[in-house]
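> Next up, start-v3.pdb (PDB, C-alpha atoms, pLDDT in the B column).
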ATOM      1  CA  ARG A  76      18.258  13.989 -21.609  1.00 49.00           C
ATOM      2  CA  ASP A  77      17.996  17.167 -23.700  1.00 51.00           C
ATOM      3  CA  PRO A  78      16.984  20.334 -21.892  1.00 50.00           C
ATOM      4  CA  LYS A  79      13.688  21.950 -22.831  1.00 51.00           C
ATOM      5  CA  PRO A  80      14.038  25.148 -24.873  1.00 52.00           C
ATOM      6  CA  SER A  81      13.001  27.221 -21.835  1.00 51.00           C
ATOM      7  CA  GLN A  82      15.899  25.678 -19.873  1.00 50.00           C
ATOM      8  CA  MET A  83      18.520  26.291 -22.557  1.00 55.00           C
ATOM      9  CA  ALA A  84      20.821  29.247 -22.132  1.00 60.00           C
ATOM     10  CA  PHE A  85      21.322  31.224 -25.296  1.00 61.00           C
ATOM     11  CA  SER A  86      24.403  33.279 -25.901  1.00 73.00           C
ATOM     12  CA  GLN A  87      24.513  36.046 -28.439  1.00 78.00           C
ATOM     13  CA  ILE A  88      26.885  38.705 -29.649  1.00 81.00           C
ATOM     14  CA  PHE A  89      25.474  42.145 -28.898  1.00 84.00           C
ATOM     15  CA  ASP A  90      28.235  44.135 -30.619  1.00 90.00           C
ATOM     16  CA  MET A  91      28.159  42.841 -34.189  1.00 90.00           C
ATOM     17  CA  ASN A  92      31.161  45.034 -35.045  1.00 94.00           C
ATOM     18  CA  SER A  93      33.288  42.853 -32.769  1.00 94.00           C
ATOM     19  CA  LEU A  94      32.778  39.787 -34.979  1.00 92.00           C
ATOM     20  CA  ALA A  95      35.609  38.606 -37.214  1.00 93.00           C
ATOM     21  CA  ALA A  96      34.905  38.159 -40.915  1.00 93.00           C
ATOM     22  CA  PRO A  97      33.769  34.640 -41.820  1.00 94.00           C
ATOM     23  CA  ASP A  98      36.428  32.125 -42.830  1.00 97.00           C
ATOM     24  CA  TYR A  99      35.455  30.184 -45.948  1.00 97.00           C
ATOM     25  CA  ASP A 100      38.907  28.640 -46.534  1.00 97.00           C
ATOM     26  CA  ASP A 101      37.709  25.029 -46.145  1.00 96.00           C
ATOM     27  CA  TYR A 102      34.818  25.615 -48.536  1.00 95.00           C
ATOM     28  CA  PHE A 103      37.033  27.142 -51.222  1.00 94.00           C
ATOM     29  CA  ALA A 104      39.671  24.430 -50.749  1.00 94.00           C
ATOM     30  CA  ARG A 105      36.930  21.843 -51.368  1.00 93.00           C
ATOM     31  CA  LEU A 106      35.782  23.693 -54.491  1.00 92.00           C
ATOM     32  CA  LYS A 107      39.271  23.361 -55.949  1.00 90.00           C
ATOM     33  CA  THR A 108      38.970  19.569 -55.735  1.00 93.00           C
ATOM     34  CA  LEU A 109      35.886  19.475 -57.962  1.00 91.00           C
ATOM     35  CA  GLY A 110      36.297  18.500 -61.563  1.00 87.00           C
ATOM     36  CA  PRO A 111      35.752  20.975 -64.417  1.00 87.00           C
ATOM     37  CA  ASP A 112      32.302  19.515 -65.101  1.00 90.00           C
ATOM     38  CA  LYS A 113      31.192  20.625 -61.606  1.00 88.00           C
ATOM     39  CA  HIS A 114      32.741  24.105 -61.683  1.00 83.00           C
ATOM     40  CA  PHE A 115      30.550  27.073 -60.758  1.00 87.00           C
ATOM     41  CA  PHE A 116      30.970  30.627 -59.517  1.00 88.00           C
ATOM     42  CA  PRO A 117      30.291  30.693 -55.768  1.00 93.00           C
ATOM     43  CA  THR A 118      28.405  33.400 -53.914  1.00 94.00           C
ATOM     44  CA  LEU A 119      29.783  34.653 -50.610  1.00 95.00           C
ATOM     45  CA  PRO A 120      27.239  34.955 -47.800  1.00 95.00           C
ATOM     46  CA  VAL A 121      27.665  38.150 -45.747  1.00 95.00           C
ATOM     47  CA  GLU A 122      25.616  39.198 -42.744  1.00 91.00           C
ATOM     48  CA  MET A 123      24.994  42.759 -41.612  1.00 91.00           C
ATOM     49  CA  SER A 124      22.325  42.146 -38.972  1.00 87.00           C
ATOM     50  CA  ARG A 125      20.722  39.538 -36.740  1.00 82.00           C
ATOM     51  CA  GLY A 126      17.264  39.368 -35.320  1.00 75.00           C
ATOM     52  CA  CYS A 127      14.311  41.398 -36.474  1.00 70.00           C
ATOM     53  CA  TRP A 128      13.862  45.101 -35.825  1.00 66.00           C
ATOM     54  CA  TRP A 129      10.093  44.572 -35.983  1.00 64.00           C
ATOM     55  CA  GLN A 130      10.291  42.331 -32.883  1.00 62.00           C
ATOM     56  CA  ARG A 131      10.688  45.130 -30.351  1.00 58.00           C
ATOM     57  CA  ALA A 132       9.153  46.339 -27.116  1.00 57.00           C
ATOM     58  CA  GLN A 133       6.360  48.876 -27.384  1.00 61.00           C
ATOM     59  CA  PRO A 134       5.791  51.749 -24.898  1.00 68.00           C
ATOM     60  CA  SER A 135       3.423  49.392 -23.050  1.00 70.00           C
ATOM     61  CA  GLY A 136       6.405  47.062 -22.432  1.00 63.00           C
ATOM     62  CA  VAL A 137       4.897  44.291 -24.546  1.00 62.00           C
ATOM     63  CA  ALA A 138       7.044  43.005 -27.424  1.00 58.00           C
ATOM     64  CA  ARG A 139       5.481  43.385 -30.835  1.00 61.00           C
ATOM     65  CA  GLY A 140       6.341  41.218 -33.762  1.00 60.00           C
ATOM     66  CA  CYS A 141       4.849  39.467 -36.744  1.00 62.00           C
ATOM     67  CA  ALA A 142       2.083  37.118 -35.636  1.00 58.00           C
ATOM     68  CA  PHE A 143       3.294  34.345 -37.944  1.00 57.00           C
ATOM     69  CA  CYS A 144       7.058  34.525 -37.409  1.00 61.00           C
ATOM     70  CA  THR A 145       9.020  32.498 -34.884  1.00 61.00           C
ATOM     71  CA  LEU A 146      12.475  32.921 -36.419  1.00 61.00           C
ATOM     72  CA  ASN A 147      13.911  35.295 -33.851  1.00 60.00           C
ATOM     73  CA  LEU A 148      12.037  34.584 -30.627  1.00 62.00           C
ATOM     74  CA  GLN A 149      15.112  33.251 -28.827  1.00 64.00           C
ATOM     75  CA  TRP A 150      17.200  36.385 -29.431  1.00 65.00           C
ATOM     76  CA  GLU A 151      17.225  39.576 -27.453  1.00 69.00           C
ATOM     77  CA  GLY A 152      16.688  42.390 -29.857  1.00 71.00           C
ATOM     78  CA  TYR A 153      17.935  43.421 -33.217  1.00 77.00           C
ATOM     79  CA  ARG A 154      21.612  44.187 -33.766  1.00 84.00           C
ATOM     80  CA  HIS A 155      23.649  45.146 -36.799  1.00 89.00           C
ATOM     81  CA  LYS A 156      27.181  45.893 -37.922  1.00 93.00           C
ATOM     82  CA  SER A 157      28.064  49.361 -39.078  1.00 95.00           C
ATOM     83  CA  ALA A 158      27.893  50.048 -42.792  1.00 95.00           C
ATOM     84  CA  GLN A 159      31.656  50.659 -42.883  1.00 96.00           C
ATOM     85  CA  LYS A 160      32.441  47.330 -41.142  1.00 96.00           C
ATOM     86  CA  THR A 161      30.155  45.455 -43.541  1.00 96.00           C
ATOM     87  CA  ALA A 162      31.608  47.184 -46.626  1.00 97.00           C
ATOM     88  CA  ASP A 163      35.149  46.430 -45.448  1.00 97.00           C
ATOM     89  CA  GLU A 164      34.198  42.808 -44.812  1.00 96.00           C
ATOM     90  CA  ILE A 165      32.738  42.471 -48.321  1.00 96.00           C
ATOM     91  CA  ALA A 166      35.925  43.974 -49.792  1.00 96.00           C
ATOM     92  CA  ALA A 167      38.160  41.632 -47.775  1.00 96.00           C
ATOM     93  CA  LEU A 168      36.129  38.519 -48.591  1.00 96.00           C
ATOM     94  CA  THR A 169      35.768  39.219 -52.310  1.00 96.00           C
ATOM     95  CA  SER A 170      39.504  39.902 -52.537  1.00 96.00           C
ATOM     96  CA  ARG A 171      40.495  36.834 -50.510  1.00 96.00           C
ATOM     97  CA  TYR A 172      38.239  34.407 -52.370  1.00 96.00           C
ATOM     98  CA  GLN A 173      38.424  36.051 -55.799  1.00 94.00           C
ATOM     99  CA  THR A 174      34.679  36.269 -56.368  1.00 94.00           C
ATOM    100  CA  LEU A 175      32.486  39.346 -56.689  1.00 93.00           C
ATOM    101  CA  SER A 176      29.169  37.581 -56.085  1.00 95.00           C
ATOM    102  CA  THR A 177      27.848  38.285 -52.586  1.00 95.00           C
ATOM    103  CA  ALA A 178      24.536  37.543 -50.886  1.00 94.00           C
ATOM    104  CA  LEU A 179      23.488  39.749 -47.984  1.00 93.00           C
ATOM    105  CA  MET A 180      21.867  37.200 -45.686  1.00 89.00           C
ATOM    106  CA  ASP A 181      19.883  39.596 -43.498  1.00 84.00           C
ATOM    107  CA  LYS A 182      16.250  38.813 -42.794  1.00 76.00           C
ATOM    108  CA  VAL A 183      15.645  42.563 -42.711  1.00 73.00           C
ATOM    109  CA  MET A 184      18.361  45.015 -43.706  1.00 78.00           C
ATOM    110  CA  PRO A 185      18.670  47.981 -41.348  1.00 79.00           C
ATOM    111  CA  ALA A 186      17.162  50.877 -43.307  1.00 80.00           C
ATOM    112  CA  ALA A 187      19.651  53.686 -42.574  1.00 85.00           C
ATOM    113  CA  ALA A 188      22.773  51.515 -42.223  1.00 88.00           C
ATOM    114  CA  GLY A 189      21.746  49.492 -45.286  1.00 88.00           C
ATOM    115  CA  ARG A 190      21.441  52.641 -47.390  1.00 91.00           C
ATOM    116  CA  GLU A 191      24.813  53.823 -46.077  1.00 94.00           C
ATOM    117  CA  LEU A 192      26.332  50.435 -47.002  1.00 95.00           C
ATOM    118  CA  PHE A 193      25.110  50.739 -50.579  1.00 95.00           C
ATOM    119  CA  ASP A 194      26.402  54.324 -50.805  1.00 95.00           C
ATOM    120  CA  ILE A 195      29.866  53.185 -49.620  1.00 97.00           C
ATOM    121  CA  LEU A 196      29.946  50.227 -52.019  1.00 96.00           C
ATOM    122  CA  GLY A 197      28.779  52.420 -54.898  1.00 95.00           C
ATOM    123  CA  ARG A 198      31.582  54.945 -54.295  1.00 96.00           C
ATOM    124  CA  ARG A 199      34.147  52.127 -54.382  1.00 94.00           C
ATOM    125  CA  GLN A 200      33.126  51.304 -57.964  1.00 90.00           C
ATOM    126  CA  VAL A 201      33.841  47.590 -57.683  1.00 92.00           C
ATOM    127  CA  ASP A 202      31.947  45.326 -60.069  1.00 94.00           C
ATOM    128  CA  LEU A 203      30.065  43.477 -57.318  1.00 95.00           C
ATOM    129  CA  ARG A 204      27.069  41.256 -57.954  1.00 95.00           C
ATOM    130  CA  LEU A 205      24.911  41.528 -54.841  1.00 94.00           C
ATOM    131  CA  LEU A 206      21.739  39.744 -53.791  1.00 93.00           C
ATOM    132  CA  CYS A 207      19.611  41.022 -50.904  1.00 91.00           C
ATOM    133  CA  ASP A 208      16.160  40.991 -49.367  1.00 87.00           C
ATOM    134  CA  ILE A 209      14.317  44.291 -49.473  1.00 85.00           C
ATOM    135  CA  ARG A 210      11.097  45.677 -48.117  1.00 80.00           C
ATOM    136  CA  ALA A 211       8.319  46.564 -50.557  1.00 77.00           C
ATOM    137  CA  ILE A 212       8.496  50.156 -49.290  1.00 78.00           C
ATOM    138  CA  THR A 213      12.132  50.600 -50.370  1.00 84.00           C
ATOM    139  CA  THR A 214      12.403  54.072 -51.903  1.00 88.00           C
ATOM    140  CA  GLY A 215      13.464  54.820 -55.456  1.00 91.00           C
ATOM    141  CA  ASP A 216      16.566  56.643 -54.168  1.00 92.00           C
ATOM    142  CA  SER A 217      17.554  53.570 -52.170  1.00 91.00           C
ATOM    143  CA  LEU A 218      16.968  51.301 -55.167  1.00 92.00           C
ATOM    144  CA  ARG A 219      19.230  53.522 -57.298  1.00 94.00           C
ATOM    145  CA  ALA A 220      21.934  53.407 -54.598  1.00 94.00           C
ATOM    146  CA  MET A 221      21.577  49.615 -54.493  1.00 94.00           C
ATOM    147  CA  GLN A 222      21.930  49.381 -58.270  1.00 95.00           C
ATOM    148  CA  GLN A 223      25.022  51.624 -58.200  1.00 95.00           C
ATOM    149  CA  ALA A 224      26.523  49.329 -55.516  1.00 95.00           C
ATOM    150  CA  GLY A 225      25.987  46.232 -57.631  1.00 95.00           C
ATOM    151  CA  VAL A 226      22.673  44.804 -56.433  1.00 95.00           C
ATOM    152  CA  ALA A 227      21.604  42.550 -59.277  1.00 94.00           C
ATOM    153  CA  GLU A 228      18.939  40.473 -57.531  1.00 92.00           C
ATOM    154  CA  VAL A 229      16.416  41.265 -54.814  1.00 91.00           C
ATOM    155  CA  GLN A 230      13.837  39.282 -52.938  1.00 87.00           C
ATOM    156  CA  ILE A 231      10.889  41.369 -51.797  1.00 83.00           C
ATOM    157  CA  ARG A 232       9.740  40.647 -48.255  1.00 69.00           C
ATOM    158  CA  ILE A 233       6.269  39.566 -47.211  1.00 65.00           C
ATOM    159  CA  GLU A 234       4.906  43.064 -46.640  1.00 60.00           C
ATOM    160  CA  ALA A 235       4.342  43.179 -50.401  1.00 58.00           C
ATOM    161  CA  LEU A 236       1.174  41.179 -49.765  1.00 63.00           C
ATOM    162  CA  SER A 237      -2.262  42.687 -49.262  1.00 66.00           C
ATOM    163  CA  PRO A 238      -2.678  45.284 -46.478  1.00 69.00           C
ATOM    164  CA  ARG A 239      -5.608  43.346 -44.944  1.00 71.00           C
ATOM    165  CA  LEU A 240      -3.561  40.177 -44.666  1.00 65.00           C
ATOM    166  CA  LEU A 241      -0.628  42.119 -43.197  1.00 64.00           C
ATOM    167  CA  LEU A 242      -2.858  43.553 -40.458  1.00 68.00           C
ATOM    168  CA  LYS A 243      -4.003  40.048 -39.554  1.00 66.00           C
ATOM    169  CA  ARG A 244      -0.367  38.942 -39.351  1.00 61.00           C
ATOM    170  CA  ASN A 245       0.621  42.020 -37.308  1.00 60.00           C
ATOM    171  CA  THR A 246       3.160  43.161 -39.902  1.00 58.00           C
ATOM    172  CA  GLY A 247       1.389  46.281 -41.172  1.00 53.00           C
TER     173      GLY A 247
END
I'd like the structure from this file rewritten - as structure tokens, please.

Amino acid sequence: RDPKPSQMAFSQIFDMNSLAAPDYDDYFARLKTLGPDKHFFPTLPVEMSRGCWWQRAQPSGVARGCAFCTLNLQWEGYRHKSAQKTADEIAALTSRYQTLSTALMDKVMPAAAGRELFDILGRRQVDLRLLCDIRAITTGDSLRAMQQAGVAEVQIRIEALSPRLLLKRNTG
């Protein structure tokens, strides 16, 4: 019999910098077996953070989070890799798999570390093609840093909706 979710023990990595880079060898080996009519340019998924920084304890001790979201309830807090670790991982993966297309898979990029990541990638002057989720309040300076780093596509998060609706959802 399967345990109930409340009885399941979850295990998580607290120090994201201790994680090894993902290994996509099997995936890329499989791609090589496809015929020329099925050839495409793959995008490498890269993760800088896990959890949601919005889901955090308030001074009252009560956790606050979006009223509609249940994606991260099982995890204890928000954690992220350093900008340098993430930039080095992107460089290693794009070199190893010979593709410059990368998708940052974060639900919410860490603001300061995310900006630092884009500054590092921009200084490296590699012709990356990055995809990432951003907040509607992303500053113009950050957007320019993202463009310099190679961000070609963005998905704007839900806070771009109306302020009244956001207050009802506890995301404002």
> Take CA of Leu168 in chain A and CA of Asp98 in chain A and report the distance between them in Å, one decimal.
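Separating CA of Leu168 in chain A from CA of Asp98 in chain A is a distance of 8.6 Å.
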> Report the distance between CA of Tyr172 in chain A and CA of Asp100 in chain A in Å, rounded to one decimal place.
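These two atoms are separated by 8.2 Å.
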> So that I can see what lies close to Gly225 in chain A, please list as a list of chain:residue names the residues with an atom at most 8 Å from it, counting all atoms listed in the file and leaving out residues fewer than 2 positions away in the same chain.
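Counting only the stated atoms, we get A:Leu196, A:Gly197, A:Val201, A:Asp202, A:Leu203, A:Arg204, A:Leu205, A:Met221, A:Gln222, A:Gln223, A:Ala227.
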> So how far away is CA of Gln200 in chain A from CA of Val226 in chain A, in Å?
12.4 Å
> As AutoDock Vina command-line options, please: the centre and edge lengths in Å, to one decimal, of an axis-aligned box enclosing every listed atom of range 176-182 of chain A with 6 Å added on each side.

--center_x 22.7 --center_y 38.5 --center_z -49.4 --size_x 24.9 --size_y 14.5 --size_z 25.3
> What does the PyMOL selection byres ((chain A and resi 160) around 10) select in this file, as a PDB file with C-alpha atoms, in the frame of the given file?

ATOM      1  CA  MET A  91      28.159  42.841 -34.189  1.00 90.00           C
ATOM      2  CA  ASN A  92      31.161  45.034 -35.045  1.00 94.00           C
ATOM      3  CA  SER A  93      33.288  42.853 -32.769  1.00 94.00           C
ATOM      4  CA  LEU A  94      32.778  39.787 -34.979  1.00 92.00           C
ATOM      5  CA  ALA A  96      34.905  38.159 -40.915  1.00 93.00           C
ATOM      6  CA  MET A 123      24.994  42.759 -41.612  1.00 91.00           C
ATOM      7  CA  LYS A 156      27.181  45.893 -37.922  1.00 93.00           C
ATOM      8  CA  SER A 157      28.064  49.361 -39.078  1.00 95.00           C
ATOM      9  CA  ALA A 158      27.893  50.048 -42.792  1.00 95.00           C
ATOM     10  CA  GLN A 159      31.656  50.659 -42.883  1.00 96.00           C
ATOM     11  CA  THR A 161      30.155  45.455 -43.541  1.00 96.00           C
ATOM     12  CA  ALA A 162      31.608  47.184 -46.626  1.00 97.00           C
ATOM     13  CA  ASP A 163      35.149  46.430 -45.448  1.00 97.00           C
ATOM     14  CA  GLU A 164      34.198  42.808 -44.812  1.00 96.00           C
ATOM     15  CA  ILE A 165      32.738  42.471 -48.321  1.00 96.00           C
ATOM     16  CA  ALA A 166      35.925  43.974 -49.792  1.00 96.00           C
ATOM     17  CA  LEU A 192      26.332  50.435 -47.002  1.00 95.00           C
TER      18      LEU A 192
END
> Written as a list in words, which residues does the PyMOL selection byres ((chain A and resi 120) around 9) give for the file shown?
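Selection result, ordered by chain and number: Pro97, Thr118, Leu119, Val121, Glu122, Ser176, Thr177, Ala178, Leu179 and Met180 of chain A.
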> May I ask which of the residues A:Asp90, A:Asp194, A:Asp181, A:Glu228 is the closest one to Cys127 in chain A, counting only C-alpha atoms?
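For Cys127 in chain A, the nearest of the candidates is A:Asp181.
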> Go through A:Gly126, A:Ile212, A:Pro185, A:Leu175 and flag the residue nearest Ala224 in chain A, using all atoms listed in the file for the distances.
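Nearest to Ala224 in chain A: A:Leu175.
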> Export range 220-232 of chain A of the preceding structure, keeping N, CA and C atoms, as a PDB file, in the first residue's frame.

ATOM      1  N   ALA A 220      21.142  43.413 -19.523  1.00  0.00           N
ATOM      2  CA  ALA A 220      22.150  42.405 -19.151  1.00  0.00           C
ATOM      3  C   ALA A 220      21.741  41.033 -19.694  1.00  0.00           C
ATOM      4  N   MET A 221      20.455  40.730 -19.637  1.00  0.00           N
ATOM      5  CA  MET A 221      19.961  39.455 -20.162  1.00  0.00           C
ATOM      6  C   MET A 221      20.183  39.385 -21.668  1.00  0.00           C
ATOM      7  N   GLN A 222      19.886  40.465 -22.364  1.00  0.00           N
ATOM      8  CA  GLN A 222      20.085  40.491 -23.816  1.00  0.00           C
ATOM      9  C   GLN A 222      21.558  40.314 -24.162  1.00  0.00           C
ATOM     10  N   GLN A 223      22.443  40.990 -23.428  1.00  0.00           N
ATOM     11  CA  GLN A 223      23.883  40.876 -23.662  1.00  0.00           C
ATOM     12  C   GLN A 223      24.367  39.440 -23.432  1.00  0.00           C
ATOM     13  N   ALA A 224      23.719  38.730 -22.484  1.00  0.00           N
ATOM     14  CA  ALA A 224      24.096  37.345 -22.174  1.00  0.00           C
ATOM     15  C   ALA A 224      23.587  36.356 -23.202  1.00  0.00           C
ATOM     16  N   GLY A 225      22.587  36.760 -23.988  1.00  0.00           N
ATOM     17  CA  GLY A 225      22.057  35.854 -24.999  1.00  0.00           C
ATOM     18  C   GLY A 225      20.616  35.435 -24.791  1.00  0.00           C
ATOM     19  N   VAL A 226      19.903  36.101 -23.870  1.00  0.00           N
ATOM     20  CA  VAL A 226      18.493  35.766 -23.676  1.00  0.00           C
ATOM     21  C   VAL A 226      17.727  36.199 -24.917  1.00  0.00           C
ATOM     22  N   ALA A 227      17.126  35.217 -25.576  1.00  0.00           N
ATOM     23  CA  ALA A 227      16.396  35.470 -26.811  1.00  0.00           C
ATOM     24  C   ALA A 227      14.888  35.323 -26.618  1.00  0.00           C
ATOM     25  N   GLU A 228      14.502  34.581 -25.584  1.00  0.00           N
ATOM     26  CA  GLU A 228      13.084  34.359 -25.309  1.00  0.00           C
ATOM     27  C   GLU A 228      12.849  34.452 -23.816  1.00  0.00           C
ATOM     28  N   VAL A 229      11.730  35.082 -23.441  1.00  0.00           N
ATOM     29  CA  VAL A 229      11.334  35.153 -22.041  1.00  0.00           C
ATOM     30  C   VAL A 229       9.871  34.760 -21.919  1.00  0.00           C
ATOM     31  N   GLN A 230       9.548  34.272 -20.760  1.00  0.00           N
ATOM     32  CA  GLN A 230       8.145  34.031 -20.406  1.00  0.00           C
ATOM     33  C   GLN A 230       7.904  34.879 -19.173  1.00  0.00           C
ATOM     34  N   ILE A 231       6.909  35.749 -19.233  1.00  0.00           N
ATOM     35  CA  ILE A 231       6.642  36.647 -18.116  1.00  0.00           C
ATOM     36  C   ILE A 231       5.709  35.950 -17.135  1.00  0.00           C
ATOM     37  N   ARG A 232       6.074  35.986 -15.871  1.00  0.00           N
ATOM     38  CA  ARG A 232       5.349  35.285 -14.821  1.00  0.00           C
ATOM     39  C   ARG A 232       3.983  35.912 -14.546  1.00  0.00           C
TER      40      ARG A 232
END
